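The next block is coords_30.pdb, given as PDB, C-alpha atoms and all ligand atoms.
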ATOM      1  CA  MET A   1      18.927 -12.019  25.186
ATOM      2  CA  ILE A   2      18.202  -9.975  22.045
ATOM      3  CA  SER A   3      16.874 -12.805  19.889
ATOM      4  CA  THR A   4      13.727 -12.009  17.946
ATOM      5  CA  GLN A   5      11.107 -13.531  15.697
ATOM      6  CA  ILE A   6       9.197 -12.769  12.534
ATOM      7  CA  LYS A   7       6.501 -15.443  12.287
ATOM      8  CA  GLU A   8       8.300 -18.818  11.922
ATOM      9  CA  PHE A   9      11.735 -17.199  11.557
ATOM     10  CA  THR A  10      13.922 -16.933  14.633
ATOM     11  CA  PHE A  11      16.924 -14.625  14.591
ATOM     12  CA  GLN A  12      19.768 -14.997  17.094
ATOM     13  CA  ASN A  13      19.770 -11.236  17.440
ATOM     14  CA  CYS A  14      17.682  -8.359  16.138
ATOM     15  CA  LEU A  15      20.440  -6.524  14.230
ATOM     16  CA  MET A  16      21.069  -6.598  10.484
ATOM     17  CA  ASN A  17      22.218  -4.322   7.678
ATOM     18  CA  ALA A  18      19.888  -2.026   5.754
ATOM     19  CA  SER A  19      19.666  -2.918   2.090
ATOM     20  CA  GLY A  20      22.247  -0.917   0.153
ATOM     21  CA  ALA A  21      24.788  -0.795   2.959
ATOM     22  CA  LEU A  22      27.775  -3.078   2.243
ATOM     23  CA  CYS A  23      25.704  -5.819   0.615
ATOM     24  CA  MET A  24      26.287  -5.602  -3.131
ATOM     25  CA  THR A  25      29.305  -7.839  -3.747
ATOM     26  CA  GLU A  26      30.104 -11.395  -2.674
ATOM     27  CA  LYS A  27      32.875 -10.054  -0.437
ATOM     28  CA  GLU A  28      30.548  -7.605   1.333
ATOM     29  CA  LEU A  29      27.834 -10.218   1.771
ATOM     30  CA  SER A  30      30.288 -12.732   3.215
ATOM     31  CA  ALA A  31      31.518 -10.144   5.720
ATOM     32  CA  LEU A  32      27.895  -9.694   6.825
ATOM     33  CA  LEU A  33      27.373 -13.441   6.988
ATOM     34  CA  ASP A  34      30.467 -13.849   9.176
ATOM     35  CA  SER A  35      29.577 -10.859  11.365
ATOM     36  CA  ASN A  36      27.592 -10.793  14.572
ATOM     37  CA  SER A  37      24.402  -9.760  12.737
ATOM     38  CA  GLY A  38      21.212 -11.747  13.229
ATOM     39  CA  SER A  39      20.456 -11.621   9.528
ATOM     40  CA  LEU A  40      21.402  -9.842   6.332
ATOM     41  CA  VAL A  41      19.598  -8.345   3.374
ATOM     42  CA  THR A  42      21.054  -8.223  -0.123
ATOM     43  CA  LYS A  43      21.348  -5.036  -2.212
ATOM     44  CA  SER A  44      18.031  -4.310  -3.947
ATOM     45  CA  CYS A  45      18.249  -5.960  -7.326
ATOM     46  CA  THR A  46      16.813  -5.955 -10.810
ATOM     47  CA  MET A  47      16.641  -8.778 -13.379
ATOM     48  CA  ASN A  48      19.972  -7.738 -14.874
ATOM     49  CA  TYR A  49      23.210  -6.116 -13.747
ATOM     50  CA  ARG A  50      23.010  -2.324 -13.369
ATOM     51  CA  GLU A  51      25.918   0.069 -13.210
ATOM     52  CA  GLY A  52      23.848   2.663 -11.291
ATOM     53  CA  ASN A  53      24.281   6.440 -11.296
ATOM     54  CA  GLU A  54      27.429   8.454 -11.905
ATOM     55  CA  SER A  55      29.910   8.991  -9.052
ATOM     56  CA  PRO A  56      30.284  10.600  -6.610
ATOM     57  CA  ARG A  57      26.976   9.125  -5.514
ATOM     58  CA  TYR A  58      27.411   8.620  -1.743
ATOM     59  CA  PHE A  59      28.520  11.268   0.726
ATOM     60  CA  GLU A  60      28.954  11.064   4.479
ATOM     61  CA  THR A  61      28.076  14.134   6.498
ATOM     62  CA  GLU A  62      28.492  14.978  10.165
ATOM     63  CA  LEU A  63      24.965  13.827  10.971
ATOM     64  CA  GLY A  64      24.349  11.169   8.359
ATOM     65  CA  SER A  65      24.527  10.528   4.650
ATOM     66  CA  ILE A  66      23.138  11.444   1.262
ATOM     67  CA  ASN A  67      23.039   8.935  -1.598
ATOM     68  CA  SER A  68      21.928   8.634  -5.164
ATOM     69  CA  MET A  69      23.321   5.213  -6.008
ATOM     70  CA  GLY A  70      20.709   4.515  -8.687
ATOM     71  CA  LEU A  71      20.226   0.830  -7.916
ATOM     72  CA  PRO A  72      23.647  -0.540  -8.873
ATOM     73  CA  ASN A  73      23.471  -4.324  -8.497
ATOM     74  CA  LEU A  74      24.720  -7.620  -9.895
ATOM     75  CA  GLY A  75      21.314  -8.927 -10.986
ATOM     76  CA  ILE A  76      18.815 -11.327  -9.388
ATOM     77  CA  GLU A  77      20.628 -14.540 -10.384
ATOM     78  CA  PHE A  78      23.678 -13.597  -8.329
ATOM     79  CA  TYR A  79      21.736 -12.651  -5.173
ATOM     80  CA  MET A  80      19.445 -15.662  -5.407
ATOM     81  CA  LYS A  81      22.368 -18.038  -5.805
ATOM     82  CA  TYR A  82      24.282 -16.422  -2.951
ATOM     83  CA  SER A  83      21.243 -16.545  -0.661
ATOM     84  CA  ILE A  84      20.458 -20.183  -1.423
ATOM     85  CA  GLU A  85      24.075 -21.234  -0.887
ATOM     86  CA  ASN A  86      24.259 -19.515   2.495
ATOM     87  CA  GLN A  87      20.743 -19.752   3.898
ATOM     88  CA  SER A  88      21.668 -22.421   6.441
ATOM     89  CA  GLU A  89      23.873 -19.905   8.345
ATOM     90  CA  LYS A  90      21.173 -17.360   9.193
ATOM     91  CA  PRO A  91      17.817 -16.434   7.682
ATOM     92  CA  ILE A  92      18.449 -14.177   4.672
ATOM     93  CA  PHE A  93      16.352 -11.371   3.193
ATOM     94  CA  LEU A  94      16.489 -11.002  -0.584
ATOM     95  CA  SER A  95      15.689  -7.431  -1.631
ATOM     96  CA  ILE A  96      14.124  -6.803  -5.020
ATOM     97  CA  ALA A  97      13.403  -3.478  -6.712
ATOM     98  CA  GLY A  98      12.215  -4.012 -10.258
ATOM     99  CA  LEU A  99      11.769  -0.892 -12.372
ATOM    100  CA  SER A 100       8.262  -2.057 -13.299
ATOM    101  CA  LEU A 101       5.582  -4.319 -11.851
ATOM    102  CA  GLU A 102       6.342  -6.801 -14.630
ATOM    103  CA  GLU A 103      10.009  -6.942 -13.629
ATOM    104  CA  ASN A 104       9.080  -7.575  -9.983
ATOM    105  CA  ILE A 105       6.728 -10.362 -11.052
ATOM    106  CA  LEU A 106       9.429 -11.992 -13.174
ATOM    107  CA  MET A 107      11.883 -11.906 -10.274
ATOM    108  CA  LEU A 108       9.319 -13.275  -7.816
ATOM    109  CA  GLU A 109       8.494 -16.121 -10.209
ATOM    110  CA  LYS A 110      12.180 -17.059 -10.242
ATOM    111  CA  ILE A 111      12.362 -16.942  -6.454
ATOM    112  CA  GLN A 112       9.143 -18.926  -6.101
ATOM    113  CA  ASP A 113      10.545 -21.668  -8.363
ATOM    114  CA  SER A 114      13.880 -21.792  -6.549
ATOM    115  CA  SER A 115      14.953 -23.458  -3.309
ATOM    116  CA  PHE A 116      15.204 -20.079  -1.514
ATOM    117  CA  ILE A 117      13.694 -20.428   1.971
ATOM    118  CA  GLY A 118      14.295 -16.895   3.297
ATOM    119  CA  LEU A 119      12.253 -13.715   3.143
ATOM    120  CA  VAL A 120      11.806 -11.275   0.264
ATOM    121  CA  GLU A 121      11.939  -7.543   0.991
ATOM    122  CA  LEU A 122      10.055  -5.892  -1.866
ATOM    123  CA  ASN A 123      11.437  -2.363  -2.155
ATOM    124  CA  LEU A 124       8.606   0.077  -2.903
ATOM    125  CA  SER A 125      10.641   3.152  -2.096
ATOM    126  CA  CYS A 126      13.806   3.775  -4.110
ATOM    127  CA  PRO A 127      14.048   7.572  -4.444
ATOM    128  CA  ASN A 128      16.951   7.757  -6.874
ATOM    129  CA  ILE A 129      15.842   6.608 -10.305
ATOM    130  CA  ALA A 130      15.298   9.691 -12.477
ATOM    131  CA  GLY A 131      11.753   9.707 -13.835
ATOM    132  CA  LYS A 132      10.565   6.744 -11.707
ATOM    133  CA  PRO A 133       8.165   7.610  -8.898
ATOM    134  CA  GLN A 134       8.422   5.868  -5.520
ATOM    135  CA  THR A 135       5.645   3.259  -5.600
ATOM    136  CA  GLY A 136       4.979   3.673  -1.881
ATOM    137  CA  TYR A 137       3.782   7.249  -2.435
ATOM    138  CA  ASP A 138       1.144   6.071  -4.939
ATOM    139  CA  PHE A 139      -1.491   4.308  -2.855
ATOM    140  CA  GLU A 140      -3.549   2.919  -5.704
ATOM    141  CA  ARG A 141      -0.441   1.571  -7.391
ATOM    142  CA  THR A 142       0.803  -0.019  -4.157
ATOM    143  CA  ASN A 143      -2.529  -1.801  -3.793
ATOM    144  CA  GLU A 144      -2.344  -3.009  -7.390
ATOM    145  CA  VAL A 145       1.234  -4.255  -6.957
ATOM    146  CA  LEU A 146       0.376  -6.184  -3.797
ATOM    147  CA  GLU A 147      -2.750  -7.708  -5.339
ATOM    148  CA  LYS A 148      -0.720  -8.943  -8.280
ATOM    149  CA  VAL A 149       2.135 -10.214  -6.098
ATOM    150  CA  PHE A 150      -0.044 -12.121  -3.642
ATOM    151  CA  SER A 151      -2.152 -13.598  -6.443
ATOM    152  CA  PHE A 152       0.686 -16.060  -7.066
ATOM    153  CA  TYR A 153       3.607 -15.574  -4.681
ATOM    154  CA  LYS A 154       3.349 -17.884  -1.662
ATOM    155  CA  LYS A 155       6.687 -17.518   0.118
ATOM    156  CA  PRO A 156       7.429 -15.101   3.014
ATOM    157  CA  LEU A 157       7.437 -11.488   1.794
ATOM    158  CA  GLY A 158       7.398  -7.987   3.245
ATOM    159  CA  VAL A 159       7.747  -4.465   1.872
ATOM    160  CA  LYS A 160      10.171  -1.606   2.375
ATOM    161  CA  LEU A 161       8.310   1.670   2.679
ATOM    162  CA  PRO A 162       9.282   5.281   2.173
ATOM    163  CA  PRO A 163       8.769   7.631   5.120
ATOM    164  CA  TYR A 164       5.304   9.156   5.508
ATOM    165  CA  PHE A 165       4.652  12.485   7.152
ATOM    166  CA  ASP A 166       0.904  12.964   7.153
ATOM    167  CA  GLU A 167      -1.642  11.262   9.408
ATOM    168  CA  ILE A 168      -3.960  10.432   6.511
ATOM    169  CA  HIS A 169      -1.117   8.766   4.616
ATOM    170  CA  PHE A 170      -0.301   6.460   7.540
ATOM    171  CA  ASN A 171      -3.947   5.459   7.800
ATOM    172  CA  GLU A 172      -4.426   4.908   4.074
ATOM    173  CA  MET A 173      -1.242   2.897   3.637
ATOM    174  CA  ALA A 174      -1.958   0.778   6.724
ATOM    175  CA  SER A 175      -5.444  -0.082   5.507
ATOM    176  CA  ILE A 176      -3.979  -1.279   2.211
ATOM    177  CA  LEU A 177      -1.194  -3.307   3.863
ATOM    178  CA  ASN A 178      -3.632  -4.930   6.287
ATOM    179  CA  LYS A 179      -5.395  -6.668   3.386
ATOM    180  CA  PHE A 180      -2.347  -8.796   2.572
ATOM    181  CA  PRO A 181      -0.486 -11.683   4.272
ATOM    182  CA  LEU A 182       2.698  -9.655   4.714
ATOM    183  CA  TYR A 183       5.403 -10.996   7.028
ATOM    184  CA  PHE A 184       6.802  -7.552   7.774
ATOM    185  CA  VAL A 185       7.107  -3.937   6.732
ATOM    186  CA  THR A 186      10.435  -2.129   6.875
ATOM    187  CA  CYS A 187      10.193   1.526   7.940
ATOM    188  CA  ILE A 188      11.926   3.602   6.570
ATOM    189  CA  ASN A 189      13.884   3.939   3.349
ATOM    190  CA  SER A 190      15.959   7.111   3.069
ATOM    191  CA  VAL A 191      14.154  10.469   3.144
ATOM    192  CA  GLY A 192      14.033  11.062  -0.593
ATOM    193  CA  ASN A 193      15.349  14.007  -2.528
ATOM    194  CA  GLY A 194      17.121  15.894   0.200
ATOM    195  CA  LEU A 195      19.889  18.325  -0.682
ATOM    196  CA  TYR A 196      23.200  18.601   1.145
ATOM    197  CA  ILE A 197      25.593  21.352   0.100
ATOM    198  CA  ASP A 198      29.183  22.329   0.785
ATOM    199  CA  PHE A 199      29.241  25.866   2.181
ATOM    200  CA  GLU A 200      32.909  26.461   1.305
ATOM    201  CA  THR A 201      32.770  25.354  -2.313
ATOM    202  CA  GLU A 202      29.154  26.513  -2.767
ATOM    203  CA  SER A 203      28.403  23.230  -4.471
ATOM    204  CA  VAL A 204      26.390  20.074  -4.167
ATOM    205  CA  VAL A 205      28.247  16.955  -2.918
ATOM    206  CA  ILE A 206      26.935  14.176  -5.170
ATOM    207  CA  LYS A 207      26.732  14.178  -8.960
ATOM    208  CA  PRO A 208      23.399  12.556  -9.971
ATOM    209  CA  LYS A 209      20.172  14.573 -10.079
ATOM    210  CA  ASN A 210      21.998  17.885  -9.438
ATOM    211  CA  GLY A 211      22.912  16.785  -5.931
ATOM    212  CA  PHE A 212      19.504  15.616  -4.716
ATOM    213  CA  GLY A 213      19.508  12.282  -2.896
ATOM    214  CA  GLY A 214      18.159  10.077  -0.113
ATOM    215  CA  ILE A 215      19.032  11.196   3.416
ATOM    216  CA  GLY A 216      19.943   8.715   6.144
ATOM    217  CA  GLY A 217      21.502   8.759   9.606
ATOM    218  CA  LYS A 218      20.846  10.961  12.621
ATOM    219  CA  TYR A 219      18.743  13.431  10.613
ATOM    220  CA  VAL A 220      16.035  10.841  10.015
ATOM    221  CA  LYS A 221      15.684   9.098  13.390
ATOM    222  CA  PRO A 222      12.556  10.972  14.563
ATOM    223  CA  VAL A 223      10.910  10.331  11.196
ATOM    224  CA  ALA A 224      11.847   6.644  11.363
ATOM    225  CA  LEU A 225      10.557   6.282  14.936
ATOM    226  CA  ALA A 226       7.273   7.946  13.959
ATOM    227  CA  ASN A 227       6.820   5.543  11.044
ATOM    228  CA  VAL A 228       7.688   2.490  13.145
ATOM    229  CA  ARG A 229       5.291   3.631  15.870
ATOM    230  CA  LYS A 230       2.414   4.476  13.518
ATOM    231  CA  PHE A 231       2.604   1.217  11.602
ATOM    232  CA  TYR A 232       3.037  -0.785  14.803
ATOM    233  CA  THR A 233      -0.233   0.677  16.105
ATOM    234  CA  LEU A 234      -2.130   0.511  12.803
ATOM    235  CA  LEU A 235      -1.089  -2.831  11.314
ATOM    236  CA  ASN A 236      -2.448  -6.288  12.158
ATOM    237  CA  LYS A 237      -0.313  -7.761  14.914
ATOM    238  CA  ASP A 238       0.926 -10.593  12.692
ATOM    239  CA  ILE A 239       2.786  -8.098  10.482
ATOM    240  CA  SER A 240       6.163  -7.392  12.119
ATOM    241  CA  ILE A 241       7.895  -4.030  11.875
ATOM    242  CA  ILE A 242      11.543  -3.784  10.888
ATOM    243  CA  GLY A 243      12.934  -0.461  12.078
ATOM    244  CA  CYS A 244      15.460   1.402   9.966
ATOM    245  CA  GLY A 245      16.696   4.956  10.292
ATOM    246  CA  GLY A 246      19.279   6.672  12.454
ATOM    247  CA  ILE A 247      20.402   3.696  14.538
ATOM    248  CA  GLU A 248      23.931   4.523  15.711
ATOM    249  CA  ASN A 249      24.022   3.076  19.206
ATOM    250  CA  GLY A 250      22.260   0.905  21.774
ATOM    251  CA  GLN A 251      19.901   3.692  22.812
ATOM    252  CA  ASP A 252      18.713   4.254  19.235
ATOM    253  CA  ALA A 253      18.154   0.504  18.912
ATOM    254  CA  PHE A 254      16.225   0.434  22.200
ATOM    255  CA  GLU A 255      14.013   3.355  21.107
ATOM    256  CA  HIS A 256      13.136   1.656  17.800
ATOM    257  CA  ILE A 257      12.079  -1.497  19.678
ATOM    258  CA  LEU A 258      10.102   0.560  22.207
ATOM    259  CA  CYS A 259       8.187   2.038  19.253
ATOM    260  CA  GLY A 260       7.407  -1.479  18.014
ATOM    261  CA  ALA A 261      10.285  -2.773  15.881
ATOM    262  CA  SER A 262      11.023  -6.527  15.990
ATOM    263  CA  MET A 263      14.198  -6.281  13.943
ATOM    264  CA  LEU A 264      16.615  -3.391  13.318
ATOM    265  CA  GLN A 265      18.486  -2.387  10.180
ATOM    266  CA  ILE A 266      21.686  -0.342  10.207
ATOM    267  CA  GLY A 267      22.596   1.645   7.087
ATOM    268  CA  THR A 268      24.617   4.848   7.426
ATOM    269  CA  GLN A 269      26.406   3.740  10.609
ATOM    270  CA  LEU A 270      27.362   0.400   9.027
ATOM    271  CA  MET A 271      28.889   2.306   6.102
ATOM    272  CA  LYS A 272      30.876   4.446   8.560
ATOM    273  CA  GLU A 273      31.999   1.737  10.943
ATOM    274  CA  GLY A 274      31.964  -1.571   9.104
ATOM    275  CA  VAL A 275      30.516  -4.853  10.399
ATOM    276  CA  SER A 276      31.969  -4.437  13.902
ATOM    277  CA  VAL A 277      29.016  -2.046  14.422
ATOM    278  CA  PHE A 278      26.921  -5.163  15.168
ATOM    279  CA  ASP A 279      29.160  -6.174  18.090
ATOM    280  CA  ARG A 280      29.123  -2.680  19.562
ATOM    281  CA  ILE A 281      25.372  -2.061  19.295
ATOM    282  CA  HIS A 282      24.660  -5.612  20.518
ATOM    283  CA  THR A 283      26.675  -4.958  23.687
ATOM    284  CA  GLU A 284      25.197  -1.481  24.196
ATOM    285  CA  LEU A 285      21.628  -2.723  23.782
ATOM    286  CA  GLN A 286      22.224  -5.609  26.197
ATOM    287  CA  ASP A 287      23.713  -3.227  28.776
ATOM    288  CA  ILE A 288      20.630  -0.993  28.556
ATOM    289  CA  MET A 289      18.346  -4.008  28.977
ATOM    290  CA  ILE A 290      20.271  -5.225  32.021
ATOM    291  CA  HIS A 291      20.165  -1.736  33.518
ATOM    292  CA  LYS A 292      16.399  -1.522  32.946
ATOM    293  CA  ASN A 293      15.753  -5.087  34.062
ATOM    294  CA  TYR A 294      14.465  -6.389  30.744
ATOM    295  CA  ASN A 295      15.278 -10.014  29.865
ATOM    296  CA  SER A 296      14.022 -10.086  26.313
ATOM    297  CA  ILE A 297      12.901  -7.832  23.490
ATOM    298  CA  ALA A 298       9.307  -8.911  24.073
ATOM    299  CA  ASP A 299       9.497  -7.285  27.542
ATOM    300  CA  PHE A 300       9.514  -3.766  26.050
ATOM    301  CA  LYS A 301       8.689  -4.057  22.345
ATOM    302  CA  GLY A 302       5.992  -1.540  21.407
ATOM    303  CA  LYS A 303       5.520  -0.490  25.014
ATOM    304  CA  LEU A 304       6.184   3.222  24.497
ATOM    305  CA  MET A 305       4.159   5.203  27.028
ATOM    306  CA  ASN A 306       2.062   8.279  26.396
ATOM    307  CA  LEU A 307       1.866  11.130  28.874
TER     308      LEU A 307
HETATM  309  O1  LIG B   1      20.267   2.399  -5.008
HETATM  310  C1  LIG B   1      19.782   3.454  -4.535
HETATM  311  O2  LIG B   1      19.996   4.584  -5.007
HETATM  312  C2  LIG B   1      18.890   3.421  -3.364
HETATM  313  C3  LIG B   1      17.829   2.549  -3.239
HETATM  314 BR1  LIG B   1      17.484   1.191  -4.470
HETATM  315  C4  LIG B   1      16.957   2.665  -2.119
HETATM  316  O3  LIG B   1      15.978   1.923  -1.937
HETATM  317  N1  LIG B   1      17.211   3.629  -1.219
HETATM  318  C5  LIG B   1      18.252   4.483  -1.342
HETATM  319  O4  LIG B   1      18.441   5.365  -0.483
HETATM  320  N2  LIG B   1      19.093   4.346  -2.419
END

Represent the structure of the file as structure tokens.
Amino acid sequence: MISTQIKEFTFQNCLMNASGALCMTEKELSALLDSNSGSLVTKSCTMNYREGNESPRYFETELGSINSMGLPNLGIEFYMKYSIENQSEKPIFLSIAGLSLEENILMLEKIQDSSFIGLVELNLSCPNIAGKPQTGYDFERTNEVLEKVFSFYKKPLGVKLPPYFDEIHFNEMASILNKFPLYFVTCINSVGNGLYIDFETESVVIKPKNGFGGIGGKYVKPVALANVRKFYTLLNKDISIIGCGGIENGQDAFEHILCGASMLQIGTQLMKEGVSVFDRIHTELQDIMIHKNYNSIADFKGKLMNL
């Protein structure tokens, strides 16, 4: 009932993890593989192993989360091997986040030459590397990166975007993305460089960057829905939208799809609840669809009404 498609890929259901949430180690990835998720995405990776930022670097709040992980990962070889070994179970997304264009190219060359048959999610939006700007906020650079990537990379690929807040930015980014044969865009990464503080101790709650970090969870749902909606309306119809941001229950999932999402990523709530979150949201979304008389995602995807 909640199966979905991105071009030639069919997913048994539209739920998956967000990159970064419980997908760094073999154990975490296997739990996702065995779970009732329709797919999984690996932790954004670099060519080599990275320790990431100092701890504490993740903090759960009443309404969401703040993180400054700093791209800790086991390196591309590990994620590529894991994905290839398990790609017959469900379609897998391999997330890459090189610290330079050259590093992304090197990783994509490896993937191109491998037997990986899944999708690449090219992360253009990590907010937590000190001194490294988020590529997605530099329009010229984003265009340059995509030109370089699509000049040689021929396998299925999409991009993970940061949240945008200004009309002109949506339009400019969409006109760039529309030039390329993207399979999907994922909206949104965490809202970068937020600050959460502890009133009692009068202190920040994570160590890196003096407490500044990416915000996820309930706080960001309206921003995520706006980004999903804008890109759904502005992008060519053959570019699917993957919605990410503030999905805690069936209603949140339904709203993302109504705005135009074909697939849904769960981050903060997966961290809180573990992989059983996929069973719960699956059931809740199905119940809503039954109640509203919808038989499939296509029946209401993107069909948000204006007043
Ligand atoms: O690892 C991180 O600090 C991180 C990444 Br790569 C990202 O894309 N988004 C985020 O919130 N954290």

Nearby residues, ligand LIG 1 (chain B), 9 Å, all atoms listed in the file, as a ChimeraX atom specification: /A:19-20,43-45,52-53,57,66-73,96-97,123-129,160-162,189-192,213-216

Just write the chosen residues, C-alpha atoms, as a PDB file, in the coordinates of the input.
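Okay, this is what ended up in selection.pdb:
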ATOM      1  CA  SER A  19      19.666  -2.918   2.090  1.00  0.00           C
ATOM      2  CA  GLY A  20      22.247  -0.917   0.153  1.00  0.00           C
ATOM      3  CA  LYS A  43      21.348  -5.036  -2.212  1.00  0.00           C
ATOM      4  CA  SER A  44      18.031  -4.310  -3.947  1.00  0.00           C
ATOM      5  CA  CYS A  45      18.249  -5.960  -7.326  1.00  0.00           C
ATOM      6  CA  GLY A  52      23.848   2.663 -11.291  1.00  0.00           C
ATOM      7  CA  ASN A  53      24.281   6.440 -11.296  1.00  0.00           C
ATOM      8  CA  ARG A  57      26.976   9.125  -5.514  1.00  0.00           C
ATOM      9  CA  ILE A  66      23.138  11.444   1.262  1.00  0.00           C
ATOM     10  CA  ASN A  67      23.039   8.935  -1.598  1.00  0.00           C
ATOM     11  CA  SER A  68      21.928   8.634  -5.164  1.00  0.00           C
ATOM     12  CA  MET A  69      23.321   5.213  -6.008  1.00  0.00           C
ATOM     13  CA  GLY A  70      20.709   4.515  -8.687  1.00  0.00           C
ATOM     14  CA  LEU A  71      20.226   0.830  -7.916  1.00  0.00           C
ATOM     15  CA  PRO A  72      23.647  -0.540  -8.873  1.00  0.00           C
ATOM     16  CA  ASN A  73      23.471  -4.324  -8.497  1.00  0.00           C
ATOM     17  CA  ILE A  96      14.124  -6.803  -5.020  1.00  0.00           C
ATOM     18  CA  ALA A  97      13.403  -3.478  -6.712  1.00  0.00           C
ATOM     19  CA  ASN A 123      11.437  -2.363  -2.155  1.00  0.00           C
ATOM     20  CA  LEU A 124       8.606   0.077  -2.903  1.00  0.00           C
ATOM     21  CA  SER A 125      10.641   3.152  -2.096  1.00  0.00           C
ATOM     22  CA  CYS A 126      13.806   3.775  -4.110  1.00  0.00           C
ATOM     23  CA  PRO A 127      14.048   7.572  -4.444  1.00  0.00           C
ATOM     24  CA  ASN A 128      16.951   7.757  -6.874  1.00  0.00           C
ATOM     25  CA  ILE A 129      15.842   6.608 -10.305  1.00  0.00           C
ATOM     26  CA  LYS A 160      10.171  -1.606   2.375  1.00  0.00           C
ATOM     27  CA  LEU A 161       8.310   1.670   2.679  1.00  0.00           C
ATOM     28  CA  PRO A 162       9.282   5.281   2.173  1.00  0.00           C
ATOM     29  CA  ASN A 189      13.884   3.939   3.349  1.00  0.00           C
ATOM     30  CA  SER A 190      15.959   7.111   3.069  1.00  0.00           C
ATOM     31  CA  VAL A 191      14.154  10.469   3.144  1.00  0.00           C
ATOM     32  CA  GLY A 192      14.033  11.062  -0.593  1.00  0.00           C
ATOM     33  CA  GLY A 213      19.508  12.282  -2.896  1.00  0.00           C
ATOM     34  CA  GLY A 214      18.159  10.077  -0.113  1.00  0.00           C
ATOM     35  CA  ILE A 215      19.032  11.196   3.416  1.00  0.00           C
ATOM     36  CA  GLY A 216      19.943   8.715   6.144  1.00  0.00           C
TER      37      GLY A 216
END

Which of A:Gly136, A:Pro163, A:Gly158, A:Gly274 sits closest to Gly245 (chain A) [using all atoms listed in the file]: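 Looking at the shortest contact to Gly245 (chain A), the residue is A:Pro163.
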
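Each of A:Ile2, A:Gly75, A:Val41, A:Leu32 was compared to Asp287 (chain A) using all atoms listed in the file, and A:Ile2 turns out to be the nearest.
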
Selection under test: the PyMOL selection byres (((chain A and resi 217-230) around 7) and not hetatm); residues as a list in words: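 That expression, the PyMOL selection byres (((chain A and resi 217-230) around 7) and not hetatm), corresponds here to Leu63, Gly64, Ser65, Pro163, Tyr164, Phe170, Cys187, Ile188, Gly216, Phe231, Tyr232, Thr233, Leu234, Ile241, Gly243, Cys244, Gly245, Gly246, His256, Cys259, Gly260, Ala261 and Thr268 of chain A.
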
Since I can't run it myself right now, could you work out what the PyMOL selection byres (((chain A and resi 78) around 10) and not hetatm) selects here and report it as a CSV table (one decimal) with C-alpha atoms, keeping the file's coordinate frame?
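Wrote part.csv, looks like this:
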chain,number,residue,atom,x,y,z
A,24,MET,CA,26.3,-5.6,-3.1
A,25,THR,CA,29.3,-7.8,-3.7
A,26,GLU,CA,30.1,-11.4,-2.7
A,45,CYS,CA,18.2,-6.0,-7.3
A,47,MET,CA,16.6,-8.8,-13.4
A,48,ASN,CA,20.0,-7.7,-14.9
A,49,TYR,CA,23.2,-6.1,-13.7
A,73,ASN,CA,23.5,-4.3,-8.5
A,74,LEU,CA,24.7,-7.6,-9.9
A,75,GLY,CA,21.3,-8.9,-11.0
A,76,ILE,CA,18.8,-11.3,-9.4
A,77,GLU,CA,20.6,-14.5,-10.4
A,79,TYR,CA,21.7,-12.7,-5.2
A,80,MET,CA,19.4,-15.7,-5.4
A,81,LYS,CA,22.4,-18.0,-5.8
A,82,TYR,CA,24.3,-16.4,-3.0
A,83,SER,CA,21.2,-16.5,-0.7

Residue IDs satisfying the PyMOL selection byres (((chain A and resi 119) around 6) and not hetatm), as a VMD selection string: chain A and resid 93 118 120 156 to 157

Draw an axis-aligned box tight on the listed atoms of region 86-96 of chain A, then pad every side by 3 Å and write out centre and edge lengths in Å to one decimal as AutoDock Vina command-line options.
--center_x 19.2 --center_y -14.6 --center_z 2.1 --size_x 16.1 --size_y 21.6 --size_z 20.2

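Nearest residue to Lys90 (chain A), choosing from A:Gln269, A:Ser30, A:Asn295, A:Thr186 and counting only C-alpha atoms: A:Ser30.
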
Neighbour list for Phe300 (chain A) as a PyMOL selection string, cut-off 9 Å, all atoms listed in the file, skip fewer than 2 positions in-chain: chain A and resi 254+257-258+260+294+296-298+302-304

Determine, counting all atoms listed in the file, which protein, DNA and RNA residues have an atom within 12 Å of an atom of Arg141 (chain A); residues of the same chain fewer than 5 positions away are not included. Present the result as a compact mmCIF listing (two decimals) with C-alpha atoms, keeping the file's coordinate frame.
# COMPACT_ATOMS: atom_id res chain seq x y z
CA SER A 100 8.26 -2.06 -13.30
CA LEU A 101 5.58 -4.32 -11.85
CA LEU A 124 8.61 0.08 -2.90
CA PRO A 133 8.16 7.61 -8.90
CA GLN A 134 8.42 5.87 -5.52
CA THR A 135 5.64 3.26 -5.60
CA GLY A 136 4.98 3.67 -1.88
CA LEU A 146 0.38 -6.18 -3.80
CA GLU A 147 -2.75 -7.71 -5.34
CA LYS A 148 -0.72 -8.94 -8.28
CA MET A 173 -1.24 2.90 3.64
CA ILE A 176 -3.98 -1.28 2.21

Point-to-point distance in Å for CA of Asn171 (chain A) and CA of Ser240 (chain A):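 We find that CA of Ser240 (chain A) and CA of Asn171 (chain A) lie 16.9 Å from each other.
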
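Interatomic distance, CA of Gln5 (chain A) against CA of Phe152 (chain A): 25.2 Å.
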
Nearest-residue call for Phe184 (chain A), choices A:Leu94, A:Ile111, A:Ile6, A:Ala18, using only C-alpha atoms: A:Ile6

Among the residues A:Glu255, A:His282, A:Lys7, A:Glu167, the one that comes closest to Leu182 (chain A) [using all atoms listed in the file]: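 Selected residue with least distance to Leu182 (chain A): A:Lys7.
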
For Cys14 (chain A), the nearest of the candidates A:Asn210, A:Ser95, A:Gln265, A:Asn178, counting all atoms listed in the file: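 Nearest to Cys14 (chain A): A:Gln265.
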
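You will find CA of Ser276 (chain A) at 7.3 Å from CA of Ser35 (chain A).
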